[in-house]
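Asker: Right, I'll just put the structure down here and ask away after.
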Amino acid sequence: MILVMGGAGYIGSHTVKYLLAHGQSCVVADNLSCGHREAVDERAGFMLADLADKDSLRKVFETYPIEAVIHFAAFTYVGESVRDPKKYYRNNVAGTLNLLDAMLEHDVKKIVFSSTCATYGEPLYTPIDEQHAQNPINPYGRTKLMIEQIFRDYAKAYGLKYIALRYFNAAGCSADGSIGESHDPETHLIPLVLQAIQGKRPDIKVFGTDYDTPDGTCIRDYIHVEDLAQAHWQAVQKLDDYSGYLNLGTGVGTSVMEIIKAAEKVSGKTCSVTLAARREGDPAKLFADNKKAKQVLNWNPVYTSVEDIVKTAWTWENNRRF
């Protein structure tokens, strides 16, 4: 059985759905501070637990025969991490240490970790491969890098087997429309654009139109959440043979304006756009070299078209349940 820590969140809930569809039993542990109980597939077990509460973590391991952990339970807002770094260091780093304590106490030594391309910081080159220097520029990225380093030390000292998956821009929603992206506040571009198209927001702000890119707007690598879910399942199965770090992205960069145009095409509606100044710390281009993940995991993203990704998000925005 797999413990999905933070499995009521966006990527976690999609991963639970994928695991169950592939015959894997799992239990979700979440404190529901950011996640949604409604997003957890009813076929999965569920326990209310918090990384800060060691007793609640122990209870999960005492209740279920856990063999491996997929760890999504982290705060993820870059701006908030700058304003309130203690929240991020306490939950993301100290909380992960609590989780590892509970794992080792119950002789569970396999973990797949939700890491991020934010550990790289300002890109020195693109596409970014796993050998790129890691120099995060915000507390959020630093917490994820610290956790990766902790895993490496625990592997040497305690025999931990781990894979840290460094995501680029998670996007899209379940193909059947049953679960989707629901953050408060929402910061991801695609749902913000779609909500602007629906009139739920007055406009979409485009921060910077003078970057060294074909249309002057930032380029990012948008990877569908179901492709991320697939990678987590394949990573769990690979833990006996490999420990280390893998990028998860499509390897293709898409600009902000290209996302807006794709959303307009999918919806058949026009998006109100407001041009604004650049945001500090936004690199012009950020996209992945994903060859290592393909090689190690035998992983291939199914969603290679941004338009197809936006279609799934549009379905969710028109039928959202939470």
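FYI, nothing fancy with the structure tokens labels: chains A, B, ... in order, residues from 1 per chain, ligands from 1 as they appear.
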Tell me, as a ChimeraX atom specification, which residues lie within 10 Å of region 188-192 of chain A, counting only C-alpha atoms; anything in the same chain fewer than 5 positions away does not count.

Answerer: /A:169-172,181-183,197-198,200-201,203-206,222,256,259-260,262-263,309-310,313-314,316-317

Asker: Those residues with N, CA and C atoms, as an mmCIF file, in the first residue's frame please?

Answerer:
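Saved file selection-v6.cif follows:
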data_model
loop_
_atom_site.group_PDB
_atom_site.id
_atom_site.type_symbol
_atom_site.label_atom_id
_atom_site.label_comp_id
_atom_site.auth_asym_id
_atom_site.auth_seq_id
_atom_site.Cartn_x
_atom_site.Cartn_y
_atom_site.Cartn_z
ATOM 1 N N ASN A 169 5.831 23.422 -14.926
ATOM 2 C CA ASN A 169 4.530 24.035 -14.610
ATOM 3 C C ASN A 169 3.396 23.033 -14.728
ATOM 4 N N ALA A 170 2.917 22.534 -13.585
ATOM 5 C CA ALA A 170 1.787 21.608 -13.579
ATOM 6 C C ALA A 170 0.547 22.311 -14.127
ATOM 7 N N ALA A 171 -0.212 21.586 -14.957
ATOM 8 C CA ALA A 171 -1.356 22.214 -15.620
ATOM 9 C C ALA A 171 -2.405 21.167 -15.965
ATOM 10 N N GLY A 172 -3.600 21.643 -16.298
ATOM 11 C CA GLY A 172 -4.658 20.749 -16.744
ATOM 12 C C GLY A 172 -5.394 20.073 -15.604
ATOM 13 N N GLU A 181 -8.144 21.698 -10.753
ATOM 14 C CA GLU A 181 -7.277 22.642 -10.057
ATOM 15 C C GLU A 181 -8.122 23.659 -9.286
ATOM 16 N N SER A 182 -7.902 23.748 -7.982
ATOM 17 C CA SER A 182 -8.702 24.650 -7.163
ATOM 18 C C SER A 182 -7.852 25.178 -6.015
ATOM 19 N N HIS A 183 -7.110 26.258 -6.294
ATOM 20 C CA HIS A 183 -6.245 26.861 -5.283
ATOM 21 C C HIS A 183 -6.868 28.147 -4.749
ATOM 22 N N ILE A 197 -11.723 34.700 -18.936
ATOM 23 C CA ILE A 197 -12.617 34.475 -20.071
ATOM 24 C C ILE A 197 -14.059 34.296 -19.605
ATOM 25 N N GLN A 198 -14.254 33.624 -18.475
ATOM 26 C CA GLN A 198 -15.596 33.401 -17.933
ATOM 27 C C GLN A 198 -16.190 34.637 -17.270
ATOM 28 N N LYS A 200 -15.097 35.722 -14.365
ATOM 29 C CA LYS A 200 -14.913 35.590 -12.920
ATOM 30 C C LYS A 200 -13.803 36.509 -12.428
ATOM 31 N N ARG A 201 -12.968 36.951 -13.345
ATOM 32 C CA ARG A 201 -11.918 37.922 -13.061
ATOM 33 C C ARG A 201 -12.015 39.021 -14.114
ATOM 34 N N ASP A 203 -9.676 40.571 -15.759
ATOM 35 C CA ASP A 203 -8.720 40.457 -16.860
ATOM 36 C C ASP A 203 -7.614 39.492 -16.463
ATOM 37 N N ILE A 204 -6.714 39.276 -17.382
ATOM 38 C CA ILE A 204 -5.478 38.556 -17.067
ATOM 39 C C ILE A 204 -4.332 39.537 -17.267
ATOM 40 N N LYS A 205 -3.475 39.608 -16.277
ATOM 41 C CA LYS A 205 -2.337 40.519 -16.369
ATOM 42 C C LYS A 205 -1.139 39.781 -16.958
ATOM 43 N N VAL A 206 -0.556 40.372 -17.981
ATOM 44 C CA VAL A 206 0.650 39.822 -18.611
ATOM 45 C C VAL A 206 1.831 40.644 -18.124
ATOM 46 N N TYR A 222 4.688 23.612 -19.692
ATOM 47 C CA TYR A 222 3.439 23.191 -19.061
ATOM 48 C C TYR A 222 3.263 21.683 -19.207
ATOM 49 N N VAL A 256 3.346 33.066 -22.565
ATOM 50 C CA VAL A 256 2.111 33.522 -21.933
ATOM 51 C C VAL A 256 1.054 33.843 -22.986
ATOM 52 N N ILE A 259 -0.485 30.760 -24.467
ATOM 53 C CA ILE A 259 -1.484 30.174 -23.573
ATOM 54 C C ILE A 259 -2.811 30.913 -23.719
ATOM 55 N N ILE A 260 -2.764 32.234 -23.753
ATOM 56 C CA ILE A 260 -3.992 33.029 -23.883
ATOM 57 C C ILE A 260 -4.695 32.714 -25.202
ATOM 58 N N ALA A 262 -4.450 29.945 -26.955
ATOM 59 C CA ALA A 262 -4.987 28.576 -26.881
ATOM 60 C C ALA A 262 -6.294 28.565 -26.097
ATOM 61 N N ALA A 263 -6.350 29.332 -25.006
ATOM 62 C CA ALA A 263 -7.565 29.396 -24.188
ATOM 63 C C ALA A 263 -8.708 30.038 -24.968
ATOM 64 N N ILE A 309 -4.088 20.362 -23.231
ATOM 65 C CA ILE A 309 -4.031 20.612 -21.791
ATOM 66 C C ILE A 309 -5.096 21.626 -21.389
ATOM 67 N N VAL A 310 -5.197 22.701 -22.156
ATOM 68 C CA VAL A 310 -6.175 23.752 -21.853
ATOM 69 C C VAL A 310 -7.603 23.216 -21.957
ATOM 70 N N ALA A 313 -8.588 21.689 -18.728
ATOM 71 C CA ALA A 313 -8.792 22.728 -17.711
ATOM 72 C C ALA A 313 -10.112 23.463 -17.940
ATOM 73 N N TRP A 314 -10.461 23.679 -19.185
ATOM 74 C CA TRP A 314 -11.713 24.366 -19.528
ATOM 75 C C TRP A 314 -12.928 23.532 -19.112
ATOM 76 N N TRP A 316 -13.023 21.484 -16.595
ATOM 77 C CA TRP A 316 -13.127 21.618 -15.146
ATOM 78 C C TRP A 316 -13.712 22.970 -14.752
ATOM 79 N N GLU A 317 -13.234 24.036 -15.359
ATOM 80 C CA GLU A 317 -13.692 25.378 -14.980
ATOM 81 C C GLU A 317 -15.192 25.542 -15.232
#

Asker: Using only C-alpha atoms, which residues sit within 6 Å of Leu246 (chain A) once same-chain residues fewer than 5 positions away are excluded, as a list in words?

Answerer: Leu165, Arg166 and Ala293 of chain A

Asker: Store the residues picked out above, limited to C-alpha atoms, as a PDB file, in the first residue's frame.

Answerer:
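Result saved to result_36.pdb:
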ATOM      1  CA  LEU A 165      10.680  14.666  -9.189  1.00  0.00           C
ATOM      2  CA  ARG A 166      11.403  18.245 -10.206  1.00  0.00           C
ATOM      3  CA  ALA A 293      13.039  10.804 -16.786  1.00  0.00           C
TER       4      ALA A 293
END

Asker: Counting only C-alpha atoms, which residues of region 198-305 of chain A sit at most 8 Å from some atom of region 107-123 of chain A, and what is each one's closest atom pair with its distance in Å to one decimal, listed by chain and rising residue number, as JSON lines?

Answerer:
{"residue": "A:His232", "atom": "CA", "partner": "A:Val112", "partner_atom": "CA", "distance": 7.0}
{"residue": "A:Ala235", "atom": "CA", "partner": "A:Val112", "partner_atom": "CA", "distance": 6.8}
{"residue": "A:Val236", "atom": "CA", "partner": "A:Val112", "partner_atom": "CA", "distance": 6.4}
{"residue": "A:Leu239", "atom": "CA", "partner": "A:Lys110", "partner_atom": "CA", "distance": 6.7}
{"residue": "A:Asn247", "atom": "CA", "partner": "A:Cys117", "partner_atom": "CA", "distance": 7.5}
{"residue": "A:Gly281", "atom": "CA", "partner": "A:Glu122", "partner_atom": "CA", "distance": 7.8}
{"residue": "A:Pro283", "atom": "CA", "partner": "A:Glu122", "partner_atom": "CA", "distance": 6.4}
{"residue": "A:Lys285", "atom": "CA", "partner": "A:Pro123", "partner_atom": "CA", "distance": 7.9}
{"residue": "A:Leu286", "atom": "CA", "partner": "A:Pro123", "partner_atom": "CA", "distance": 7.0}

Asker: Keeping only N, CA and C atoms, write the selected residues as a PDB file, in the first residue's frame.

Answerer:
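again-v6.pdb, written as the output of this step:
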ATOM      1  N   HIS A 232       4.803   9.557 -11.151  1.00  0.00           N
ATOM      2  CA  HIS A 232       4.907   9.148  -9.742  1.00  0.00           C
ATOM      3  C   HIS A 232       4.722   7.645  -9.589  1.00  0.00           C
ATOM      4  N   ALA A 235       7.773   6.004 -10.830  1.00  0.00           N
ATOM      5  CA  ALA A 235       8.892   6.224  -9.904  1.00  0.00           C
ATOM      6  C   ALA A 235       8.816   5.275  -8.717  1.00  0.00           C
ATOM      7  N   VAL A 236       7.613   5.069  -8.177  1.00  0.00           N
ATOM      8  CA  VAL A 236       7.455   4.125  -7.061  1.00  0.00           C
ATOM      9  C   VAL A 236       7.978   2.750  -7.456  1.00  0.00           C
ATOM     10  N   LEU A 239      11.979   2.408  -7.446  1.00  0.00           N
ATOM     11  CA  LEU A 239      12.771   2.752  -6.264  1.00  0.00           C
ATOM     12  C   LEU A 239      13.798   1.695  -5.886  1.00  0.00           C
ATOM     13  N   ASN A 247      13.807  15.496 -13.817  1.00  0.00           N
ATOM     14  CA  ASN A 247      12.954  16.583 -14.283  1.00  0.00           C
ATOM     15  C   ASN A 247      11.678  16.024 -14.898  1.00  0.00           C
ATOM     16  N   GLY A 281      12.420  38.629 -10.748  1.00  0.00           N
ATOM     17  CA  GLY A 281      12.741  37.219 -10.609  1.00  0.00           C
ATOM     18  C   GLY A 281      12.133  36.316 -11.661  1.00  0.00           C
ATOM     19  N   PRO A 283      12.368  34.689 -15.015  1.00  0.00           N
ATOM     20  CA  PRO A 283      13.261  34.485 -16.148  1.00  0.00           C
ATOM     21  C   PRO A 283      12.489  34.460 -17.458  1.00  0.00           C
ATOM     22  N   LYS A 285      12.921  32.442 -20.088  1.00  0.00           N
ATOM     23  CA  LYS A 285      12.625  31.083 -20.564  1.00  0.00           C
ATOM     24  C   LYS A 285      12.926  30.064 -19.479  1.00  0.00           C
ATOM     25  N   LEU A 286      12.029  29.077 -19.355  1.00  0.00           N
ATOM     26  CA  LEU A 286      12.207  28.027 -18.360  1.00  0.00           C
ATOM     27  C   LEU A 286      11.526  26.771 -18.890  1.00  0.00           C
TER      28      LEU A 286
END

Asker: Quick one: residues within 12 Å of region 158-161 of chain A, only C-alpha atoms, excluding same-chain residues fewer than 2 positions away - as a PyMOL selection string?

Answerer: chain A and resi 67-70+100-101+103-105+107-113+148+150-156+163-164+235-245

Asker: Which is closest to His14 (chain A) among A:Gly79, A:Pro185, A:Gly95, A:Gly180, if we use only C-alpha atoms?

Answerer: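 Counting only C-alpha atoms, the residue closest to His14 (chain A) is A:Gly180.
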
Asker: According to DSSP computed on the backbone, where in region 125-220 of chain A is there strand (DSSP E)? Give the residues as JSON, numbers by chain.

Answerer: {"A": [161, 162, 163, 164, 165, 166, 167, 169, 170, 171, 204, 205, 206, 207, 219, 220]}

Asker: Go through A:Leu145, A:Ala284, A:Val93, A:Ala277 one by one, measure the shortest atom-to-atom distance of each to Asp212 (chain A) using only C-alpha atoms, and give the residue with the smallest value.

Answerer: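 Closest to Asp212 (chain A), using only C-alpha atoms: A:Ala284.
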
Asker: Counting only C-alpha atoms, figure out which residue out of A:Val296, A:Ile137, A:Ala276, A:Ala8 gets nearest to Glu38 (chain A).

Answerer: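 The closest residue to Glu38 (chain A) is A:Ala8.
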
Asker: Here is a test: counting only C-alpha atoms, which residue of A:Lys292, A:His224, A:Arg43, A:Arg279 is nearest to Lys311 (chain A)?

Answerer: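 Closest candidate: A:His224.
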
Asker: Give me the residues within 8 Å of Asn31 (chain A) as a ChimeraX atom specification, counting only C-alpha atoms and dropping any in the same chain fewer than 6 places off.

Answerer: /A:6,48-50
